[in-house]
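Participant: Following this line is my_file06.cif, made up of mmCIF, C-alpha atoms and all ligand atoms:
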data_coords
loop_
_atom_site.label_atom_id
_atom_site.label_comp_id
_atom_site.auth_asym_id
_atom_site.auth_seq_id
_atom_site.Cartn_x
_atom_site.Cartn_y
_atom_site.Cartn_z
CA MET A 1 14.67 -3.15 -22.91
CA ARG A 2 12.43 -4.76 -25.52
CA LEU A 3 8.83 -5.27 -24.59
CA ARG A 4 7.79 -8.89 -24.83
CA LEU A 5 4.91 -9.13 -27.31
CA LYS A 6 1.66 -10.76 -26.23
CA LYS A 7 0.95 -14.24 -27.54
CA HIS A 8 -0.82 -14.37 -30.92
CA LEU A 9 -0.80 -10.56 -31.00
CA GLN A 10 -1.32 -10.14 -34.74
CA SER A 11 -4.13 -12.68 -35.02
CA ARG A 12 -5.88 -11.21 -31.97
CA LEU A 13 -5.68 -7.73 -33.50
CA ALA A 14 -6.92 -9.05 -36.84
CA VAL A 15 -10.16 -10.40 -35.30
CA ALA A 16 -10.86 -7.33 -33.17
CA ASP A 17 -13.98 -5.85 -34.84
CA ASN A 18 -13.73 -2.69 -32.74
CA LEU A 19 -10.19 -1.88 -33.94
CA LEU A 20 -10.27 0.66 -36.77
CA LYS A 21 -8.49 -0.91 -39.73
CA VAL A 22 -6.32 1.94 -40.99
CA ASP A 23 -2.86 2.17 -42.46
CA THR A 24 -0.53 3.10 -39.59
CA GLN A 25 2.72 2.41 -41.42
CA GLU A 26 3.82 6.02 -42.12
CA LEU A 27 6.97 6.94 -40.23
CA ASN A 28 6.79 10.71 -40.50
CA SER A 29 3.80 12.41 -38.88
CA HIS A 30 3.94 15.44 -41.23
CA ILE A 31 3.78 13.24 -44.33
CA ALA A 32 1.10 11.13 -42.70
CA THR A 33 -1.05 14.21 -42.08
CA GLN A 34 -0.64 15.30 -45.71
CA ASN A 35 -1.95 11.88 -46.78
CA ALA A 36 -5.08 12.17 -44.71
CA GLU A 37 -7.60 9.33 -44.73
CA TRP A 38 -10.25 10.81 -42.49
CA LEU A 39 -12.65 8.48 -40.81
CA ASP A 40 -16.35 9.20 -41.26
CA TRP A 41 -17.97 8.82 -37.82
CA LYS A 42 -21.39 8.22 -39.35
CA GLU A 43 -19.98 5.28 -41.27
CA VAL A 44 -17.92 4.00 -38.34
CA PHE A 45 -20.65 4.16 -35.67
CA HIS A 46 -23.80 4.01 -37.84
CA ASN A 47 -25.21 7.03 -36.02
CA ASP A 48 -24.74 10.79 -35.81
CA HIS A 49 -24.15 10.97 -32.06
CA PRO A 50 -21.38 13.19 -30.68
CA THR A 51 -17.91 11.64 -30.92
CA CYS A 52 -15.21 11.97 -28.24
CA LEU A 53 -11.56 10.99 -28.24
CA GLU A 54 -9.39 9.42 -25.55
CA VAL A 55 -5.66 9.70 -26.22
CA GLY A 56 -3.44 7.08 -24.54
CA CYS A 57 -6.24 4.70 -23.56
CA GLY A 58 -4.03 1.94 -22.15
CA MET A 59 -5.98 -1.22 -21.28
CA GLY A 60 -9.42 0.27 -22.03
CA GLY A 61 -10.88 0.72 -18.52
CA PHE A 62 -12.11 4.23 -19.32
CA ALA A 63 -13.62 3.08 -22.63
CA LYS A 64 -15.56 0.30 -20.86
CA GLY A 65 -16.82 2.74 -18.23
CA PHE A 66 -17.73 5.21 -20.98
CA PHE A 67 -19.94 2.59 -22.66
CA GLU A 68 -21.71 1.94 -19.35
CA LYS A 69 -22.18 5.64 -18.50
CA PHE A 70 -22.60 7.30 -21.89
CA PRO A 71 -23.96 4.75 -24.40
CA GLU A 72 -25.34 7.59 -26.54
CA ILE A 73 -21.91 9.16 -27.12
CA ASN A 74 -19.29 7.64 -29.41
CA LEU A 75 -15.71 7.19 -28.21
CA VAL A 76 -12.56 6.71 -30.28
CA ALA A 77 -9.84 5.44 -27.95
CA VAL A 78 -6.28 5.88 -29.21
CA GLU A 79 -3.22 3.97 -28.04
CA LYS A 80 0.19 3.77 -29.67
CA LEU A 81 1.17 0.34 -28.35
CA SER A 82 -0.44 -2.60 -30.16
CA ASN A 83 0.61 -4.85 -27.29
CA VAL A 84 -1.57 -2.77 -24.96
CA ILE A 85 -4.50 -1.88 -27.23
CA VAL A 86 -5.17 -5.55 -27.91
CA SER A 87 -6.31 -5.98 -24.28
CA ALA A 88 -8.49 -2.88 -24.54
CA CYS A 89 -10.14 -4.23 -27.71
CA GLU A 90 -10.86 -7.56 -26.02
CA LYS A 91 -12.13 -5.93 -22.82
CA CYS A 92 -14.52 -3.70 -24.81
CA SER A 93 -15.76 -6.18 -27.43
CA HIS A 94 -19.36 -5.57 -26.24
CA CYS A 95 -19.07 -1.75 -26.18
CA THR A 96 -21.06 -0.72 -29.24
CA ASN A 97 -20.16 2.98 -28.97
CA VAL A 98 -16.37 2.44 -28.73
CA ARG A 99 -13.74 2.00 -31.44
CA PHE A 100 -9.97 1.74 -31.01
CA LEU A 101 -7.25 3.38 -33.08
CA ASN A 102 -3.74 1.97 -32.83
CA ALA A 103 -1.70 5.11 -33.53
CA GLY A 104 0.47 7.70 -31.85
CA ALA A 105 -1.14 11.04 -30.98
CA GLU A 106 1.22 12.67 -33.50
CA TYR A 107 -0.75 11.00 -36.31
CA LEU A 108 -4.29 11.92 -35.30
CA GLU A 109 -4.81 14.43 -38.07
CA LYS A 110 -4.21 11.74 -40.64
CA TYR A 111 -7.36 9.94 -39.48
CA ILE A 112 -9.51 12.58 -37.86
CA ALA A 113 -11.06 15.52 -39.68
CA SER A 114 -10.95 19.04 -38.24
CA HIS A 115 -13.83 20.09 -36.02
CA SER A 116 -15.29 16.59 -35.70
CA ILE A 117 -14.67 15.88 -31.99
CA ASP A 118 -16.67 17.05 -28.96
CA THR A 119 -14.34 16.24 -26.05
CA ILE A 120 -10.76 14.96 -25.81
CA TYR A 121 -9.82 12.97 -22.71
CA LEU A 122 -6.20 12.77 -21.55
CA ASN A 123 -6.27 10.21 -18.76
CA PHE A 124 -3.04 9.80 -16.83
CA SER A 125 -0.93 10.54 -19.87
CA THR A 126 2.73 9.61 -19.57
CA PRO A 127 4.33 12.62 -17.80
CA PHE A 128 7.78 12.23 -19.48
CA GLN A 129 9.50 13.76 -16.46
CA LYS A 130 12.82 14.44 -18.24
CA LYS A 131 12.87 18.05 -19.44
CA THR A 132 14.36 17.00 -22.79
CA TYR A 133 11.23 14.88 -23.44
CA ALA A 134 8.77 17.70 -22.68
CA ASN A 135 7.70 17.76 -26.35
CA ARG A 136 6.29 14.24 -25.95
CA ARG A 137 3.87 15.30 -23.21
CA LEU A 138 0.32 15.26 -24.55
CA THR A 139 -0.27 18.83 -23.35
CA TYR A 140 2.79 20.22 -25.17
CA PRO A 141 1.68 23.25 -27.33
CA ARG A 142 2.06 21.25 -30.58
CA PHE A 143 -0.60 18.83 -29.27
CA LEU A 144 -2.83 21.58 -27.86
CA ASN A 145 -2.81 23.30 -31.28
CA MET A 146 -3.76 20.01 -32.91
CA TYR A 147 -6.60 19.42 -30.40
CA GLN A 148 -7.84 22.93 -31.19
CA ARG A 149 -8.12 21.95 -34.86
CA LEU A 150 -9.83 18.62 -34.09
CA LEU A 151 -12.39 19.99 -31.65
CA LYS A 152 -15.79 21.32 -32.67
CA ASP A 153 -16.71 24.82 -31.66
CA GLY A 154 -17.30 24.69 -27.88
CA GLY A 155 -15.29 21.45 -27.53
CA LYS A 156 -13.00 20.79 -24.58
CA VAL A 157 -10.02 18.86 -23.30
CA ILE A 158 -10.27 17.09 -19.95
CA GLN A 159 -7.01 16.04 -18.35
CA LYS A 160 -6.56 13.92 -15.24
CA THR A 161 -3.19 13.12 -13.73
CA ASP A 162 -1.65 11.94 -10.49
CA ASP A 163 1.52 13.92 -11.30
CA ASP A 164 1.29 17.31 -9.56
CA ASP A 165 4.22 18.83 -11.49
CA PHE A 166 2.82 17.65 -14.82
CA PHE A 167 -0.55 19.16 -13.84
CA ILE A 168 0.97 22.57 -13.07
CA TRP A 169 3.09 22.46 -16.22
CA SER A 170 0.03 21.49 -18.33
CA LYS A 171 -1.99 24.40 -16.96
CA GLU A 172 0.86 26.72 -17.95
CA GLN A 173 0.72 25.31 -21.49
CA PHE A 174 -3.05 25.82 -21.71
CA GLU A 175 -2.58 29.43 -20.60
CA LYS A 176 0.35 29.96 -22.97
CA CYS A 177 -1.83 28.79 -25.88
CA ASN A 178 -4.70 31.05 -24.75
CA TRP A 179 -7.01 28.23 -23.72
CA GLN A 180 -9.63 29.04 -21.13
CA ILE A 181 -9.59 26.86 -18.03
CA ILE A 182 -13.22 26.26 -17.13
CA ALA A 183 -12.75 23.86 -14.22
CA GLU A 184 -9.82 22.63 -12.17
CA THR A 185 -9.04 20.91 -8.93
CA GLN A 186 -6.08 19.14 -7.35
CA ASP A 187 -8.41 16.75 -5.55
CA LEU A 188 -10.97 15.44 -8.02
CA HIS A 189 -12.42 12.86 -5.64
CA ASN A 190 -13.32 15.52 -3.09
CA SER A 191 -14.64 18.04 -5.59
CA PRO A 192 -17.87 18.95 -7.39
CA TYR A 193 -16.36 17.64 -10.67
CA LEU A 194 -16.57 13.99 -9.62
CA GLU A 195 -20.05 13.50 -11.08
CA GLY A 196 -19.78 11.57 -14.34
CA ASN A 197 -16.14 10.67 -13.63
CA ILE A 198 -14.94 7.30 -14.93
CA VAL A 199 -12.16 5.77 -12.88
CA THR A 200 -9.37 4.45 -15.12
CA GLU A 201 -6.93 1.62 -14.32
CA TYR A 202 -4.18 4.09 -13.36
CA GLU A 203 -6.57 6.26 -11.39
CA GLN A 204 -7.66 3.25 -9.29
CA LYS A 205 -4.03 2.40 -8.51
CA PHE A 206 -3.40 5.94 -7.26
CA LEU A 207 -6.66 6.10 -5.33
CA ASP A 208 -5.71 2.85 -3.58
CA VAL A 209 -2.58 4.52 -2.15
CA GLY A 210 -4.39 7.76 -1.23
CA LYS A 211 -2.87 9.93 -3.99
CA ASN A 212 -4.77 13.10 -4.94
CA ILE A 213 -6.01 13.22 -8.52
CA ASN A 214 -5.54 16.44 -10.49
CA TYR A 215 -8.22 17.50 -12.97
CA VAL A 216 -8.47 20.31 -15.49
CA CYS A 217 -11.05 21.08 -18.17
CA ALA A 218 -10.14 23.69 -20.79
CA THR A 219 -11.49 25.10 -24.06
CA PRO A 220 -9.38 26.44 -26.93
CA PRO A 221 -9.51 30.03 -28.08
CA LYS A 222 -11.96 30.76 -30.91
CA GLU A 223 -10.23 30.63 -34.31
C1 LIG B 301 0.20 5.93 -17.96
S1 LIG B 301 -0.72 5.06 -19.17
C2 LIG B 301 -2.41 5.47 -18.75
C3 LIG B 301 -3.40 4.50 -19.34
C4 LIG B 301 -4.88 4.84 -19.11
N1 LIG B 301 -5.25 6.08 -19.76
C5 LIG B 301 -5.25 4.89 -17.66
O1 LIG B 301 -5.55 5.99 -17.16
O2 LIG B 301 -5.27 3.83 -17.01
C6 LIG B 301 -0.40 6.09 -20.60
C7 LIG B 301 -0.73 5.39 -21.92
O3 LIG B 301 -0.58 6.36 -22.96
C8 LIG B 301 0.07 5.75 -24.06
N2 LIG B 301 0.73 6.82 -24.82
C9 LIG B 301 1.80 7.57 -24.43
N3 LIG B 301 2.12 8.45 -25.37
C10 LIG B 301 1.24 8.27 -26.40
C11 LIG B 301 1.06 8.87 -27.68
N4 LIG B 301 1.88 9.83 -28.10
N5 LIG B 301 0.06 8.44 -28.46
C12 LIG B 301 -0.78 7.45 -28.05
N6 LIG B 301 -0.65 6.82 -26.85
C13 LIG B 301 0.34 7.23 -26.04
C14 LIG B 301 1.03 4.76 -23.43
O4 LIG B 301 1.42 3.74 -24.32
C15 LIG B 301 0.20 4.24 -22.24
O5 LIG B 301 -0.55 3.10 -22.60
#
Mind turning this structure into structure tokens?
Ligand SMILES: C[S@@+](CC[C@H](N)C(=O)[O-])C[C@H]1O[C@@H](n2cnc3c(N)ncnc32)[C@H](O)[C@@H]1O
Facilitator:
Amino acid sequence: MRLRLKKHLQSRLAVADNLLKVDTQELNSHIATQNAEWLDWKEVFHNDHPTCLEVGCGMGGFAKGFFEKFPEINLVAVEKLSNVIVSACEKCSHCTNVRFLNAGAEYLEKYIASHSIDTIYLNFSTPFQKKTYANRRLTYPRFLNMYQRLLKDGGKVIQKTDDDDFFIWSKEQFEKCNWQIIAETQDLHNSPYLEGNIVTEYEQKFLDVGKNINYVCATPPKE
């Protein structure tokens, strides 16, 4: 089924000042990474504050909450669908510490230099329930190895998901890749880790129907 594109999509993207204007035309992620065009956070944000990454930001609810809660931390919010990121850009036009990157996670190393990110947020990533699509899950070892390269020393990944199986599977991947799990719960909203939490659009939908929210925070092994 083809997704119906939003009205005036291209012109709305063109005027979005918070959308990073980068070349996202490469088809092969390996070639793309070899032709790196790393973004300079100092130039992008006009400050030297810490910079975090959200992968699969959807409509930008987390990014907006991040601006309200952590205005002194920069956030780069990544989303592969232009049809979706356009709403996030418009919702966050006032969020001075947020920029959007319209790219698939596979391409992150084209734009982002090694050891330049403090925290990576994976909020309700698509679980890709079919076993044959496991390599598309954002906690698949290929992605964990990439996050390890992108993170600064002491950096971490924080994952939230409603999907209990995906949560258990993700923890297995962290362990397989020798990451250290520093916090975890299967019921975030009745746990000590709720402080500082930003409720995303998907999270609110699941909270409304009483679904438990899984949470894990992990750090990569030292290189
Ligand atoms: C289930 S939605 C969650 C949206 C939002 N994070 C939230 O919690 O409300 C997952 C989002 O991740 C995006 N996504 C899935 N795989 C991706 C990838 N490889 N790279 C970038 N975005 C991806 C999807 O397009 C979708 O917008």
Participant: What does the distance from CA of Leu122 in chain A to CA of Gln159 in chain A come to in Å, to one decimal?
Facilitator: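 Here the two named atoms are 4.6 Å from each other.
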Participant: List the neighbours of Leu101 in chain A out to 7 Å using only C-alpha atoms; skip same-chain residues closer than 4 positions along the sequence, and give me the result as a list in words.
Facilitator: Leu19, Leu20, Val76, Ala77, Val78 and Glu79 of chain A
Participant: Could you write out that same residue set with C-alpha atoms as a CSV table (one decimal), keeping the file's coordinate frame?
Facilitator:
chain,number,residue,atom,x,y,z
A,19,LEU,CA,-10.2,-1.9,-33.9
A,20,LEU,CA,-10.3,0.7,-36.8
A,76,VAL,CA,-12.6,6.7,-30.3
A,77,ALA,CA,-9.8,5.4,-28.0
A,78,VAL,CA,-6.3,5.9,-29.2
A,79,GLU,CA,-3.2,4.0,-28.0
Participant: If we count all atoms listed in the file and set the cut-off at 12 Å, which residues sit around Asn18 in chain A, ignoring sequence neighbours fewer than 5 positions away in its own chain? Please answer as an MDAnalysis selection string.
Facilitator: chainID A and resid 12:13 44:45 60 63 75:78 85:102
Participant: Around ligand LIG 301 (chain B), which protein and nucleic acid residues have at least one atom no more than 8 Å from it, if we count all atoms listed in the file? List them as a PyMOL selection string.
Facilitator: chain A and resi 54-62+78-81+84-85+102-106+122-127+136-138+199-203
Participant: Do you have the CA of Asp187 in chain A-CA of Ser170 in chain A distance handy?
Facilitator: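 Interatomic distance, CA of Asp187 in chain A to CA of Ser170 in chain A: 16.0 Å.
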Participant: In Å, with one decimal, what is the gap from CA of Ala113 in chain A to CA of Phe70 in chain A?
Facilitator: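 Separation of CA of Ala113 in chain A and CA of Phe70 in chain A: 22.7 Å.
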Participant: Between A:Asp153, A:Glu68, A:Glu109, A:Glu195, which is the closest to Ile31 in chain A once you count all atoms listed in the file?
Facilitator: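 Among the listed residues, A:Glu109 lies closest to Ile31 in chain A.
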Participant: Considering all atoms listed in the file, return as a PyMOL selection string whatever protein or nucleic-acid residues lie within 12 Å of Pro220 in chain A, sequence-local ones (same chain, fewer than 5 positions apart) excluded.
Facilitator: chain A and resi 115+119-120+141+143-158+173-182
Participant: Nearest residue to Thr51 in chain A out of A:Val209, A:Ala134, A:Leu3, A:Ile117, using all atoms listed in the file?
Facilitator: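 Ranked by minimum distance to Thr51 in chain A, first place goes to A:Ile117.
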Participant: Counting all atoms listed in the file, what is within 12 Å of Leu194 in chain A, bar same-chain residues fewer than 2 positions away, as a ChimeraX atom specification?
Facilitator: /A:160,183-192,196-199,213-216
Participant: Please produce a file of the residues just selected, as a PDB file, in the coordinates of the input, where the atoms kept are C-alpha atoms.
Facilitator:
ATOM      1  CA  LYS A 160      -6.560  13.920 -15.240  1.00  0.00           C
ATOM      2  CA  ALA A 183     -12.750  23.860 -14.220  1.00  0.00           C
ATOM      3  CA  GLU A 184      -9.820  22.630 -12.170  1.00  0.00           C
ATOM      4  CA  THR A 185      -9.040  20.910  -8.930  1.00  0.00           C
ATOM      5  CA  GLN A 186      -6.080  19.140  -7.350  1.00  0.00           C
ATOM      6  CA  ASP A 187      -8.410  16.750  -5.550  1.00  0.00           C
ATOM      7  CA  LEU A 188     -10.970  15.440  -8.020  1.00  0.00           C
ATOM      8  CA  HIS A 189     -12.420  12.860  -5.640  1.00  0.00           C
ATOM      9  CA  ASN A 190     -13.320  15.520  -3.090  1.00  0.00           C
ATOM     10  CA  SER A 191     -14.640  18.040  -5.590  1.00  0.00           C
ATOM     11  CA  PRO A 192     -17.870  18.950  -7.390  1.00  0.00           C
ATOM     12  CA  GLY A 196     -19.780  11.570 -14.340  1.00  0.00           C
ATOM     13  CA  ASN A 197     -16.140  10.670 -13.630  1.00  0.00           C
ATOM     14  CA  ILE A 198     -14.940   7.300 -14.930  1.00  0.00           C
ATOM     15  CA  VAL A 199     -12.160   5.770 -12.880  1.00  0.00           C
ATOM     16  CA  ILE A 213      -6.010  13.220  -8.520  1.00  0.00           C
ATOM     17  CA  ASN A 214      -5.540  16.440 -10.490  1.00  0.00           C
ATOM     18  CA  TYR A 215      -8.220  17.500 -12.970  1.00  0.00           C
ATOM     19  CA  VAL A 216      -8.470  20.310 -15.490  1.00  0.00           C
TER      20      VAL A 216
END
Participant: Under the rule that all atoms listed in the file are counted, which of A:Val15, A:Trp38, A:Leu207, A:Val22 is the nearest residue to Ile112 in chain A?
Facilitator: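 Nearest to Ile112 in chain A: A:Trp38.
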Participant: Ranking A:Ala36, A:Ser114, A:Asp162, A:Lys21 by minimum distance to Phe206 in chain A and counting all atoms listed in the file, which one comes first?
Facilitator: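 That would be A:Asp162, the residue with the smallest distance to Phe206 in chain A.
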